[in-house]
file work.txt (compact mmCIF, C-alpha atoms)
# COMPACT_ATOMS: atom_id res chain seq x y z
CA MET A 10 -92.09 128.38 194.97
CA LYS A 11 -89.18 126.01 194.91
CA GLU A 12 -90.10 122.44 195.79
CA SER A 13 -86.65 122.11 197.34
CA LYS A 14 -87.49 124.85 199.86
CA LEU A 15 -90.61 123.01 200.96
CA LYS A 16 -88.59 119.81 201.36
CA GLU A 17 -85.93 121.71 203.35
CA TYR A 18 -88.67 123.12 205.60
CA PHE A 19 -90.06 119.63 206.26
CA GLU A 20 -86.51 118.43 207.02
CA ASP A 21 -85.98 121.33 209.49
CA LYS A 22 -83.22 122.80 207.32
CA ILE A 23 -84.95 126.17 206.92
CA LEU A 24 -87.27 128.08 209.24
CA ALA A 25 -90.99 128.56 208.70
CA GLU A 26 -90.37 132.26 208.17
CA ASP A 27 -87.97 131.46 205.31
CA LEU A 28 -90.56 129.21 203.67
CA ASN A 29 -93.14 131.97 204.09
CA LEU A 30 -90.84 134.41 202.25
CA ASN A 31 -90.24 131.87 199.48
CA LEU A 32 -94.00 131.59 198.97
CA ILE A 33 -94.57 135.30 198.33
CA GLY A 34 -95.57 135.76 194.69
CA THR A 35 -96.11 132.04 194.07
CA ALA A 36 -99.83 132.44 193.37
CA LYS A 37 -100.95 134.99 190.79
CA ALA A 38 -104.55 135.85 189.97
CA VAL A 39 -105.13 135.38 186.24
CA GLY A 40 -108.88 135.87 186.16
CA ASP A 41 -111.91 136.36 188.35
CA ASN A 42 -111.75 132.88 189.88
CA THR A 43 -108.46 131.57 188.54
CA THR A 44 -105.03 131.46 190.13
CA ALA A 45 -101.79 130.38 188.48
CA GLN A 46 -99.19 128.71 190.70
CA TRP A 47 -95.47 129.03 189.98
CA MET A 48 -93.34 126.06 191.05
CA GLU A 49 -89.76 125.01 190.45
CA SER A 50 -89.23 121.24 190.54
CA MET A 51 -86.56 119.55 192.63
CA ASP A 52 -84.25 116.69 191.68
CA SER A 53 -85.26 114.25 194.42
CA GLU A 54 -88.40 112.66 195.82
CA PHE A 55 -89.93 113.15 199.25
CA ILE A 56 -92.67 111.31 201.17
CA ILE A 57 -95.28 113.52 202.87
CA ASN A 58 -96.90 112.22 206.04
CA SER A 59 -99.10 113.62 208.78
CA SER A 60 -96.17 115.01 210.79
CA HIS A 61 -95.39 117.40 207.91
CA ILE A 62 -98.96 118.69 207.77
CA ILE A 63 -99.08 119.03 211.57
CA LYS A 64 -95.87 121.10 211.34
CA LEU A 65 -97.51 123.37 208.75
CA CYS A 66 -100.63 123.76 210.90
CA ASN A 67 -98.59 124.63 213.99
CA ASP A 68 -96.52 127.20 212.09
CA VAL A 69 -99.64 128.82 210.63
CA LEU A 70 -101.28 128.94 214.06
CA SER A 71 -98.15 130.52 215.58
CA GLY A 72 -98.12 133.20 212.85
CA LYS A 73 -94.94 132.04 211.11
CA ILE A 74 -96.68 131.08 207.85
CA ASP A 75 -99.53 132.99 206.23
CA PRO A 76 -102.55 130.65 206.05
CA LEU A 77 -103.20 131.82 202.48
CA HIS A 78 -99.89 130.19 201.45
CA LEU A 79 -101.37 126.77 202.24
CA GLU A 80 -103.09 126.82 198.84
CA SER A 81 -99.72 127.01 197.06
CA ILE A 82 -98.16 124.43 199.37
CA ALA A 83 -101.00 121.95 198.85
CA PHE A 84 -101.08 122.58 195.11
CA CYS A 85 -97.32 121.96 194.99
CA ILE A 86 -97.51 118.70 196.94
CA LEU A 87 -100.48 117.33 195.01
CA GLY A 88 -99.25 118.43 191.60
CA SER A 89 -95.62 117.45 191.97
CA ASP A 90 -93.95 114.37 190.55
CA ASN A 91 -91.49 114.56 193.46
CA PHE A 92 -93.75 114.74 196.51
CA HIS A 93 -95.63 111.55 197.36
CA LEU A 94 -98.26 110.92 199.99
CA ASP A 95 -97.70 108.07 202.40
CA ASP A 96 -100.85 105.95 201.89
CA LYS A 97 -100.46 103.42 204.69
CA THR A 98 -102.79 104.58 207.45
CA GLN A 99 -106.16 106.19 208.07
CA GLN A 100 -104.30 109.32 209.13
CA ASP A 101 -102.85 109.54 205.63
CA ASP A 102 -106.38 109.68 204.19
CA VAL A 103 -106.95 112.69 206.44
CA VAL A 104 -103.73 114.26 205.09
CA LYS A 105 -104.91 113.74 201.52
CA ASN A 106 -108.32 115.29 202.27
CA ILE A 107 -106.74 118.29 204.00
CA LEU A 108 -104.37 118.92 201.09
CA CYS A 109 -107.21 118.65 198.58
CA ASN A 110 -109.25 121.15 200.61
CA TRP A 111 -106.32 123.55 200.96
CA SER A 112 -105.56 123.41 197.24
CA ALA A 113 -109.02 124.75 196.36
CA PRO A 114 -110.19 127.15 199.09
CA GLU A 115 -112.59 128.82 196.68
CA ILE A 116 -114.54 125.53 196.60
CA ASN A 117 -113.83 124.30 200.13
CA ASP A 118 -113.18 126.16 203.36
CA PRO A 119 -111.35 129.51 203.43
CA LEU A 120 -107.74 129.39 204.60
CA ASN A 121 -107.56 131.00 208.02
CA THR A 122 -106.49 130.09 211.54
CA LYS A 123 -109.94 128.71 212.41
CA THR A 124 -109.98 126.19 209.56
CA VAL A 125 -106.30 125.31 210.09
CA LYS A 126 -107.05 124.56 213.75
CA GLU A 127 -109.89 122.28 212.60
CA CYS A 128 -107.44 120.47 210.30
CA LEU A 129 -104.97 120.06 213.15
CA ASP A 130 -107.75 118.62 215.33
CA GLN A 131 -108.66 116.14 212.55
CA LEU A 132 -105.03 115.00 212.32
CA LYS A 133 -104.73 114.59 216.09
CA LYS A 134 -108.00 112.65 216.22
CA ALA A 135 -106.88 110.34 213.41
CA SER A 136 -103.51 109.74 215.09
CA SER A 137 -105.18 108.69 218.35
CA LYS A 138 -107.12 105.89 216.61
CA PRO A 139 -105.54 102.42 216.66
call {"tool": "encode", "arguments": {"input": "work.txt", "output": "structure tokens"}}
result
Amino acid sequence: MKESKLKEYFEDKILAEDLNLNLIGTAKAVGDNTTAQWMESMDSEFIINSSHIIKLCNDVLSGKIDPLHLESIAFCILGSDNFHLDDKTQQDDVVKNILCNWSAPEINDPLNTKTVKECLDQLKKASSKP
């Protein structure tokens, strides 16, 4: 996965379907319970906020992005020196928790439309709080 493609997706420069194609082959099983993630760094930095995660949820729920790709996306965001989480609001704590859960579905919830809908509901609930 190219970090630049994820950034372009968040900036509405590429379609969800294009991001989905870029994610194919990013995660490779290297053992019974181990997955290796391939990432190519980008030259710039990018701030992740709740609107980006809501966009991902909506595109997964509409079938444009495979929910299993959320593991690679979350791993990329959390492990990158170029993506940064916006830590200013309670909603951003929800974003951080969602990304942590997505990055380790073998420990947390499986990645499917049901759990993605639950994440979207958490984000909406957090955004409605003052």
call {"tool": "atom_distance", "arguments": {"input": "work.txt", "atom1": "atom CA of Lys126 of chain A", "atom2": "atom CA of Asn110 of chain A"}}
result
13.8 Å
call {"tool": "closest_residue", "arguments": {"input": "work.txt", "among": "A:Ala135, A:Ile82, A:Met10, A:Leu129", "to": "Leu70 of chain A", "atoms": "all atoms listed in the file"}}
result
A:Leu129
call {"tool": "closest_residue", "arguments": {"input": "work.txt", "among": "A:Ser137, A:Asn67, A:Ser112, A:Asn106", "to": "Ile86 of chain A", "atoms": "only C-alpha atoms"}}
result
A:Ser112
call {"tool": "residues_near_point", "arguments": {"input": "work.txt", "point": "(-92.3, 116.0, 191.2)", "cutoff": "7 Å", "atoms": "all atoms listed in the file", "output": "PDB file with C-alpha atoms, keeping the file's coordinate frame"}}
result
ATOM      1  CA  SER A  50     -89.230 121.240 190.540  1.00  0.00           C
ATOM      2  CA  MET A  51     -86.560 119.550 192.630  1.00  0.00           C
ATOM      3  CA  GLU A  54     -88.400 112.660 195.820  1.00  0.00           C
ATOM      4  CA  SER A  89     -95.620 117.450 191.970  1.00  0.00           C
ATOM      5  CA  ASP A  90     -93.950 114.370 190.550  1.00  0.00           C
ATOM      6  CA  ASN A  91     -91.490 114.560 193.460  1.00  0.00           C
ATOM      7  CA  PHE A  92     -93.750 114.740 196.510  1.00  0.00           C
TER       8      PHE A  92
END
call {"tool": "closest_residue", "arguments": {"input": "work.txt", "among": "A:Ser59, A:Ser81, A:Ser71, A:Asn117", "to": "Asp95 of chain A", "atoms": "all atoms listed in the file"}}
result
A:Ser59
call {"tool": "residues_around", "arguments": {"input": "work.txt", "residues": "Leu65 of chain A", "least_positions_apart": "5", "cutoff": "12 Å", "atoms": "all atoms listed in the file", "output": "PyMOL selection string"}}
result
chain A and resi 15+18-19+21+24-26+28-29+57-60+70-80+82-83+104+107-108+111+122+125-126+128-129+132
call {"tool": "axis_aligned_box", "arguments": {"input": "work.txt", "around": "segment 127-136 of chain A", "padding_each_side": "8 Å", "output": "AutoDock Vina command-line options"}}
result
--center_x -106.7 --center_y 116.0 --center_z 213.3 --size_x 22.4 --size_y 28.5 --size_z 21.9
call {"tool": "atom_distance", "arguments": {"input": "work.txt", "atom1": "atom CA of Glu49 of chain A", "atom2": "atom CA of Lys64 of chain A"}}
result
22.1 Å
call {"tool": "atom_distance", "arguments": {"input": "work.txt", "atom1": "atom CA of Asp102 of chain A", "atom2": "atom CA of Lys14 of chain A"}}
result
24.6 Å
call {"tool": "closest_residue", "arguments": {"input": "work.txt", "among": "A:Ser13, A:Val69, A:Ile33, A:Pro119", "to": "Asp52 of chain A", "atoms": "only C-alpha atoms"}}
result
A:Ser13
call {"tool": "closest_residue", "arguments": {"input": "work.txt", "among": "A:Asp27, A:Asp101, A:Glu127, A:Asp118", "to": "His61 of chain A", "atoms": "all atoms listed in the file"}}
result
A:Asp101
call {"tool": "closest_residue", "arguments": {"input": "work.txt", "among": "A:Ile23, A:Leu30, A:Leu120, A:Met48", "to": "Gly88 of chain A", "atoms": "only C-alpha atoms"}}
result
A:Met48
call {"tool": "build_atoms", "arguments": {"input": "work.txt", "residues": "segment 105-134 of chain A", "atoms": "N, CA and C atoms", "output": "PDB file, in the frame of the given file"}}
result
ATOM      1  N   LYS A 105    -104.514 113.551 202.917  1.00  0.00           N
ATOM      2  CA  LYS A 105    -104.910 113.740 201.520  1.00  0.00           C
ATOM      3  C   LYS A 105    -106.130 114.654 201.418  1.00  0.00           C
ATOM      4  N   ASN A 106    -107.115 114.449 202.277  1.00  0.00           N
ATOM      5  CA  ASN A 106    -108.320 115.290 202.270  1.00  0.00           C
ATOM      6  C   ASN A 106    -107.986 116.738 202.616  1.00  0.00           C
ATOM      7  N   ILE A 107    -107.124 116.935 203.604  1.00  0.00           N
ATOM      8  CA  ILE A 107    -106.740 118.290 204.000  1.00  0.00           C
ATOM      9  C   ILE A 107    -106.036 118.993 202.839  1.00  0.00           C
ATOM     10  N   LEU A 108    -105.089 118.313 202.210  1.00  0.00           N
ATOM     11  CA  LEU A 108    -104.370 118.920 201.090  1.00  0.00           C
ATOM     12  C   LEU A 108    -105.301 119.258 199.931  1.00  0.00           C
ATOM     13  N   CYS A 109    -106.235 118.371 199.646  1.00  0.00           N
ATOM     14  CA  CYS A 109    -107.210 118.650 198.580  1.00  0.00           C
ATOM     15  C   CYS A 109    -108.052 119.874 198.927  1.00  0.00           C
ATOM     16  N   ASN A 110    -108.464 119.985 200.177  1.00  0.00           N
ATOM     17  CA  ASN A 110    -109.250 121.150 200.610  1.00  0.00           C
ATOM     18  C   ASN A 110    -108.426 122.429 200.530  1.00  0.00           C
ATOM     19  N   TRP A 111    -107.180 122.368 200.992  1.00  0.00           N
ATOM     20  CA  TRP A 111    -106.320 123.550 200.960  1.00  0.00           C
ATOM     21  C   TRP A 111    -106.027 123.996 199.528  1.00  0.00           C
ATOM     22  N   SER A 112    -105.931 123.058 198.612  1.00  0.00           N
ATOM     23  CA  SER A 112    -105.560 123.410 197.240  1.00  0.00           C
ATOM     24  C   SER A 112    -106.671 124.131 196.489  1.00  0.00           C
ATOM     25  N   ALA A 113    -107.883 124.095 197.019  1.00  0.00           N
ATOM     26  CA  ALA A 113    -109.020 124.750 196.360  1.00  0.00           C
ATOM     27  C   ALA A 113    -109.907 125.451 197.378  1.00  0.00           C
ATOM     28  N   PRO A 114    -109.389 126.488 198.048  1.00  0.00           N
ATOM     29  CA  PRO A 114    -110.190 127.150 199.090  1.00  0.00           C
ATOM     30  C   PRO A 114    -111.423 127.858 198.547  1.00  0.00           C
ATOM     31  N   GLU A 115    -111.420 128.173 197.251  1.00  0.00           N
ATOM     32  CA  GLU A 115    -112.590 128.820 196.680  1.00  0.00           C
ATOM     33  C   GLU A 115    -113.779 127.858 196.601  1.00  0.00           C
ATOM     34  N   ILE A 116    -113.491 126.553 196.627  1.00  0.00           N
ATOM     35  CA  ILE A 116    -114.540 125.530 196.600  1.00  0.00           C
ATOM     36  C   ILE A 116    -114.802 125.008 198.012  1.00  0.00           C
ATOM     37  N   ASN A 117    -113.738 124.868 198.782  1.00  0.00           N
ATOM     38  CA  ASN A 117    -113.830 124.300 200.130  1.00  0.00           C
ATOM     39  C   ASN A 117    -113.827 125.406 201.167  1.00  0.00           C
ATOM     40  N   ASP A 118    -113.213 125.174 202.287  1.00  0.00           N
ATOM     41  CA  ASP A 118    -113.180 126.160 203.360  1.00  0.00           C
ATOM     42  C   ASP A 118    -112.129 127.232 203.097  1.00  0.00           C
ATOM     43  N   PRO A 119    -112.372 128.465 203.565  1.00  0.00           N
ATOM     44  CA  PRO A 119    -111.350 129.510 203.430  1.00  0.00           C
ATOM     45  C   PRO A 119    -110.116 129.141 204.261  1.00  0.00           C
ATOM     46  N   LEU A 120    -108.977 129.668 203.868  1.00  0.00           N
ATOM     47  CA  LEU A 120    -107.740 129.390 204.600  1.00  0.00           C
ATOM     48  C   LEU A 120    -107.521 130.466 205.644  1.00  0.00           C
ATOM     49  N   ASN A 121    -107.759 130.089 206.891  1.00  0.00           N
ATOM     50  CA  ASN A 121    -107.560 131.000 208.020  1.00  0.00           C
ATOM     51  C   ASN A 121    -107.228 130.168 209.257  1.00  0.00           C
ATOM     52  N   THR A 122    -106.919 130.821 210.343  1.00  0.00           N
ATOM     53  CA  THR A 122    -106.490 130.090 211.540  1.00  0.00           C
ATOM     54  C   THR A 122    -107.589 129.174 212.083  1.00  0.00           C
ATOM     55  N   LYS A 123    -108.839 129.562 211.920  1.00  0.00           N
ATOM     56  CA  LYS A 123    -109.940 128.710 212.410  1.00  0.00           C
ATOM     57  C   LYS A 123    -109.972 127.383 211.654  1.00  0.00           C
ATOM     58  N   THR A 124    -109.898 127.432 210.337  1.00  0.00           N
ATOM     59  CA  THR A 124    -109.980 126.190 209.560  1.00  0.00           C
ATOM     60  C   THR A 124    -108.683 125.374 209.691  1.00  0.00           C
ATOM     61  N   VAL A 125    -107.559 126.042 209.875  1.00  0.00           N
ATOM     62  CA  VAL A 125    -106.300 125.310 210.090  1.00  0.00           C
ATOM     63  C   VAL A 125    -106.336 124.584 211.427  1.00  0.00           C
ATOM     64  N   LYS A 126    -106.904 125.212 212.443  1.00  0.00           N
ATOM     65  CA  LYS A 126    -107.050 124.560 213.750  1.00  0.00           C
ATOM     66  C   LYS A 126    -107.954 123.334 213.620  1.00  0.00           C
ATOM     67  N   GLU A 127    -109.008 123.435 212.826  1.00  0.00           N
ATOM     68  CA  GLU A 127    -109.890 122.280 212.600  1.00  0.00           C
ATOM     69  C   GLU A 127    -109.123 121.144 211.914  1.00  0.00           C
ATOM     70  N   CYS A 128    -108.257 121.488 210.979  1.00  0.00           N
ATOM     71  CA  CYS A 128    -107.440 120.470 210.300  1.00  0.00           C
ATOM     72  C   CYS A 128    -106.490 119.801 211.296  1.00  0.00           C
ATOM     73  N   LEU A 129    -105.884 120.595 212.139  1.00  0.00           N
ATOM     74  CA  LEU A 129    -104.970 120.060 213.150  1.00  0.00           C
ATOM     75  C   LEU A 129    -105.728 119.106 214.083  1.00  0.00           C
ATOM     76  N   ASP A 130    -106.926 119.484 214.478  1.00  0.00           N
ATOM     77  CA  ASP A 130    -107.750 118.620 215.330  1.00  0.00           C
ATOM     78  C   ASP A 130    -108.084 117.303 214.631  1.00  0.00           C
ATOM     79  N   GLN A 131    -108.376 117.361 213.315  1.00  0.00           N
ATOM     80  CA  GLN A 131    -108.660 116.140 212.550  1.00  0.00           C
ATOM     81  C   GLN A 131    -107.445 115.224 212.543  1.00  0.00           C
ATOM     82  N   LEU A 132    -106.266 115.800 212.346  1.00  0.00           N
ATOM     83  CA  LEU A 132    -105.030 115.000 212.320  1.00  0.00           C
ATOM     84  C   LEU A 132    -104.760 114.361 213.673  1.00  0.00           C
ATOM     85  N   LYS A 133    -104.949 115.126 214.738  1.00  0.00           N
ATOM     86  CA  LYS A 133    -104.730 114.590 216.090  1.00  0.00           C
ATOM     87  C   LYS A 133    -105.723 113.474 216.401  1.00  0.00           C
ATOM     88  N   LYS A 134    -106.973 113.672 215.997  1.00  0.00           N
ATOM     89  CA  LYS A 134    -108.000 112.650 216.220  1.00  0.00           C
ATOM     90  C   LYS A 134    -107.660 111.368 215.460  1.00  0.00           C
TER      91      LYS A 134
END
